[in-house]
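**Student:** This is the structure I want to talk about, given as structure tokens.
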Amino acid sequence: MKNPYRTQNIAFFFLFLATLLIMVPVGLIVAIIIQKGLPAINWQFLIDMPRQGMRAGGIFPAIIGTIYLVTGAIIFALPIGLLTAIYLSEYSKDNLLTRLIKLAIVNLAGVPSVVYGLFGLALFVVFFKFGTSILSGSLTLGIMIIPVIITTSREALESVPQSFREVSLSLGASKWQTIRHIVLPNAIPGILTGTILGLGRAAGETAPILFTVAAFYLPQLPSSIFDQAMALPYHLYVISTQVPNVDEKIRYGTAFVLLALVLFMNLVAIIIRYKFRKKKKW
Amino acid sequence: MRKLKELIIEKVILICGLASIFFVVLIFLFLLKEGLAVFKIVSPFKFLFGKSWYPISEPPQLGILPLVLGSLLVTVGAVIISIPIGVGCAIYIAEIAPLKIKEALKTGIELLTAIPSVVLGFIGMVTLVPLAKNIFHIPTGLTALSGSIMLAFMAMPTIVSIAEDALYSVPKTYKEGALALGATHWQAIWRVMLPAASSGILAAVMLGIGRVIGETMAVMMITGNAAVIPSSILAPVRTLTATIAAEMGEAVVGSEHYFALFAIGIVLFVISFAINVTADLFLHKRQ
């Protein structure tokens with residue numbers, strides 16, 4: 001007879017091994033980039049223009065470009081995402097339309113990022129004639145992060161207890177007043193978390209900006225939203241595959257800055273969520 | 001007056017609620033608008049099953065079979081690696097890990113989700129690629145296998161978090177019943193919890209596959225970009241996504257090449273749509 005407890009020990013050992021197989025590489029990746037990238041970082045690297053075909057100098061325009069793109073994306077995506085979340089959580093009934101909206105959100109989240117790039121090229125660059133510009137890129141990234149914002153905001157709104165709404169309505173407030181003054185303020189931390197996660201996602205994506213904004217090598221700052229711009233993720237792609245003989249240090253340094261930026265945003269989001277959970281009174 | 005204001009606000013919110021549907025339709029329409037033109041030059045059959053992709057030769061040869069096979073090979077490899085590891089990790093997090101470790105593991109998974117794919121591609125280039133080259137003694141480490149490993153890794157967060165959700169939502173009484181009948185914890189997991197969570201786990205795997213097929217940057221950086229029918233898992237390949245990303249920059253707007261790349265976009269959109277709708281059905285079946 002097999003001993004079931006021995007089988008269990010063996011099985012649990014393999015499950016633990018599977019977990020290690022994911023966690024160890026994650027740790028290694030972050031460690032490698034910090035170890036090799038951190039020494040490359042200095043003030044000069046962060047605020048200098050790239051020089052000699054990106055083989056020397058800094059990454060300032062790429063940082064600025066990414067900030068512009070992310071800001072643009074969130075300006076576009078936050079209102080639409082938040083209002084959709086409000087619709088789904090407060091107004092929608094359990095009917096076919098709601099089902100369709102939810103399905104559309106799932107699909108929007110699943111569309112490959114390079115297809116967003118194609119879409120942005122066809123709609124914003126060519127059809128609306130915005131050209132290869134910060135505007136086109138921001139709008140493309142914006143549509144891409146809408147599902148992230150909807151999902152997290154909706155969760156935040158739905159976690160506000162039903163009794164809050166009932167009390168407000170019973171005191172004579174209208175539906176919108178209830179949402180505006182009772183539901184939204186209580187959901188702010190969750191919405192903020194979603195917004196920051198969306199920002200992080202937009203900052204790290206490369207494929208959607210390949211044909212909508214990205215300038216290969218542009219050692220100057222954009223002057224308007226109709227200009228091309230460099231961006232961190234695209235810059236990392238370019239210097240690690242397209243330009244030969246780039247100093248290792250510059251590659252690792254760029255990877256470090258990008259990773260640090262994205263992880264920092266995620267960390268902030270995690271902290272906000274954690275504090276909010278602890279503080280929650282209900 | 002107040003009623004009117006309420007009504008207006010409600011309508012505005014409804015319109016925004018419809019935006020998601022609008023965007024999905026818009027994406028599909030614009031892909032069709034730019035992509036269907038390619039079928040004036042090449043028949044859909046020849047496009048899908050043509051064996052050579054030379055988009056800029058004269059006349060252009062626009063058969064995407066090598067790219068489809070490239071995507072398929074990389075995806076199958078990634079799925080074989082990621083299912084046991086991903087589901088195993090999900091079981092560990094949901095059932096075995098103590099609470100504190102559970103939180104830490106979940107944060108680790110979130111961290112992995114957050115790492116931009118171009119950073120993972122870069123890391124793959126400096127670690128996996130030389131490793132594959134040395135282990136298998138091949139001229140280049142830029143192979144389908146390297147891509148599969150990296151993609152398996154990138155699909156993990158999706159598989160782990162959805163599978164864990166599925167396990168979590170199995171009613172506690174199922175497990176308690178099994179334990180009360182004298183089953184060990186593992187027997188309860190294997191014979192009761194996993195079957196009960198099977199449709200959710202299936203959805204997790206499907207969404208993982210969706211993630212793998214759609215992944216672009218990392219795969220472009222480490223699979224070697226050879227648009228030929230792959231001979232083995234240790235040969236360089238080119239996926240559908242990488243083809244668009246690598247070539248659209250050079251394609252002239254309105255050229256045959258441009259249309260063909262959009263047609264590849266249609267193929268990708270349809271695949272991801274099918275995967276997401278099916279996965280959604282599985283998830284709803286569970287509830």
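Letters for chains follow the order of the structure tokens (A, B, ...), residue numbers begin at 1 for each chain, and ligand numbers begin at 1 in the order shown.
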Give me, as JSON, numbers by chain, all polymer residues having an atom no more than 12 Å from Ile209 in chain B, counting only C-alpha atoms and skipping those fewer than 6 positions away in the same chain.

**Tutor:** {"A": [110, 112], "B": [71, 72, 74, 75, 76, 77, 78, 79, 80, 81, 82, 83, 148, 151, 152, 153, 154, 155, 156, 157, 158, 159, 202, 203, 215, 271, 272, 274, 275, 276, 279]}

**Student:** Measuring between only C-alpha atoms, which one of A:Met49, A:Ile134, A:Leu236, A:Ala73 shows the shortest distance to chain B?

**Tutor:**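 For chain B, the nearest of the candidates is A:Leu236.
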
**Student:** Mind listing as a ChimeraX atom specification which residues of chain B are within 6 Å of chain A, counting only C-alpha atoms?

**Tutor:** /B:13,16-17,20-21,27,85,88-89,92,116,186,214,265

**Student:** May I have the residues from that selection written out with N, CA and C atoms, as a PDB file, in the first residue's frame?

**Tutor:**
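So the final result, stored in again-v7.pdb, reads:
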```
ATOM      1  N   ILE B  13     -22.972  59.202 -18.162  1.00  0.00           N
ATOM      2  CA  ILE B  13     -22.327  58.011 -17.613  1.00  0.00           C
ATOM      3  C   ILE B  13     -22.624  56.783 -18.467  1.00  0.00           C
ATOM      4  N   CYS B  16     -20.389  56.839 -21.477  1.00  0.00           N
ATOM      5  CA  CYS B  16     -19.041  56.375 -21.152  1.00  0.00           C
ATOM      6  C   CYS B  16     -19.008  54.871 -20.953  1.00  0.00           C
ATOM      7  N   GLY B  17     -20.081  54.344 -20.369  1.00  0.00           N
ATOM      8  CA  GLY B  17     -20.150  52.901 -20.182  1.00  0.00           C
ATOM      9  C   GLY B  17     -20.099  52.167 -21.508  1.00  0.00           C
ATOM     10  N   SER B  20     -16.375  51.261 -24.013  1.00  0.00           N
ATOM     11  CA  SER B  20     -15.568  50.056 -24.201  1.00  0.00           C
ATOM     12  C   SER B  20     -16.020  49.280 -25.438  1.00  0.00           C
ATOM     13  N   ILE B  21     -17.357  49.136 -25.560  1.00  0.00           N
ATOM     14  CA  ILE B  21     -17.875  48.444 -26.739  1.00  0.00           C
ATOM     15  C   ILE B  21     -17.460  49.200 -27.992  1.00  0.00           C
ATOM     16  N   ILE B  27     -11.563  49.377 -33.037  1.00  0.00           N
ATOM     17  CA  ILE B  27     -10.292  48.696 -33.320  1.00  0.00           C
ATOM     18  C   ILE B  27     -10.481  47.712 -34.461  1.00  0.00           C
ATOM     19  N   ILE B  85       3.923  24.566 -13.859  1.00  0.00           N
ATOM     20  CA  ILE B  85       4.527  25.478 -12.879  1.00  0.00           C
ATOM     21  C   ILE B  85       3.493  26.475 -12.363  1.00  0.00           C
ATOM     22  N   GLY B  88       0.772  24.739 -10.321  1.00  0.00           N
ATOM     23  CA  GLY B  88       1.410  24.294  -9.079  1.00  0.00           C
ATOM     24  C   GLY B  88       1.583  25.437  -8.102  1.00  0.00           C
ATOM     25  N   CYS B  89       2.075  26.548  -8.606  1.00  0.00           N
ATOM     26  CA  CYS B  89       2.276  27.726  -7.762  1.00  0.00           C
ATOM     27  C   CYS B  89       0.943  28.227  -7.216  1.00  0.00           C
ATOM     28  N   TYR B  92      -0.078  26.057  -4.435  1.00  0.00           N
ATOM     29  CA  TYR B  92       0.746  26.342  -3.262  1.00  0.00           C
ATOM     30  C   TYR B  92       0.257  27.605  -2.550  1.00  0.00           C
ATOM     31  N   PRO B 116       8.150  45.650 -17.293  1.00  0.00           N
ATOM     32  CA  PRO B 116       7.837  45.869 -18.704  1.00  0.00           C
ATOM     33  C   PRO B 116       8.449  44.787 -19.590  1.00  0.00           C
ATOM     34  N   TRP B 186      -3.562  16.558   0.544  1.00  0.00           N
ATOM     35  CA  TRP B 186      -3.251  16.448  -0.890  1.00  0.00           C
ATOM     36  C   TRP B 186      -4.346  15.709  -1.648  1.00  0.00           C
ATOM     37  N   GLY B 214      -0.048  37.247 -27.739  1.00  0.00           N
ATOM     38  CA  GLY B 214      -0.028  38.682 -27.980  1.00  0.00           C
ATOM     39  C   GLY B 214       1.279  39.355 -27.612  1.00  0.00           C
ATOM     40  N   GLY B 265      -2.610  41.802 -38.189  1.00  0.00           N
ATOM     41  CA  GLY B 265      -3.290  42.361 -37.021  1.00  0.00           C
ATOM     42  C   GLY B 265      -4.703  41.807 -36.876  1.00  0.00           C
TER      43      GLY B 265
END
```

**Student:** Can you measure CA of Tyr217 in chain A to CA of Phe259 in chain B for me? One decimal in Å is fine.

**Tutor:**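 According to the coordinates, CA of Tyr217 in chain A and CA of Phe259 in chain B are separated by 27.0 Å.
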
**Student:** Any chance you could list, as a count of residues only, the residues in range 48-241 of chain A that come up helix (DSSP H, G or I) when DSSP is run on the backbone?

**Tutor:** 140
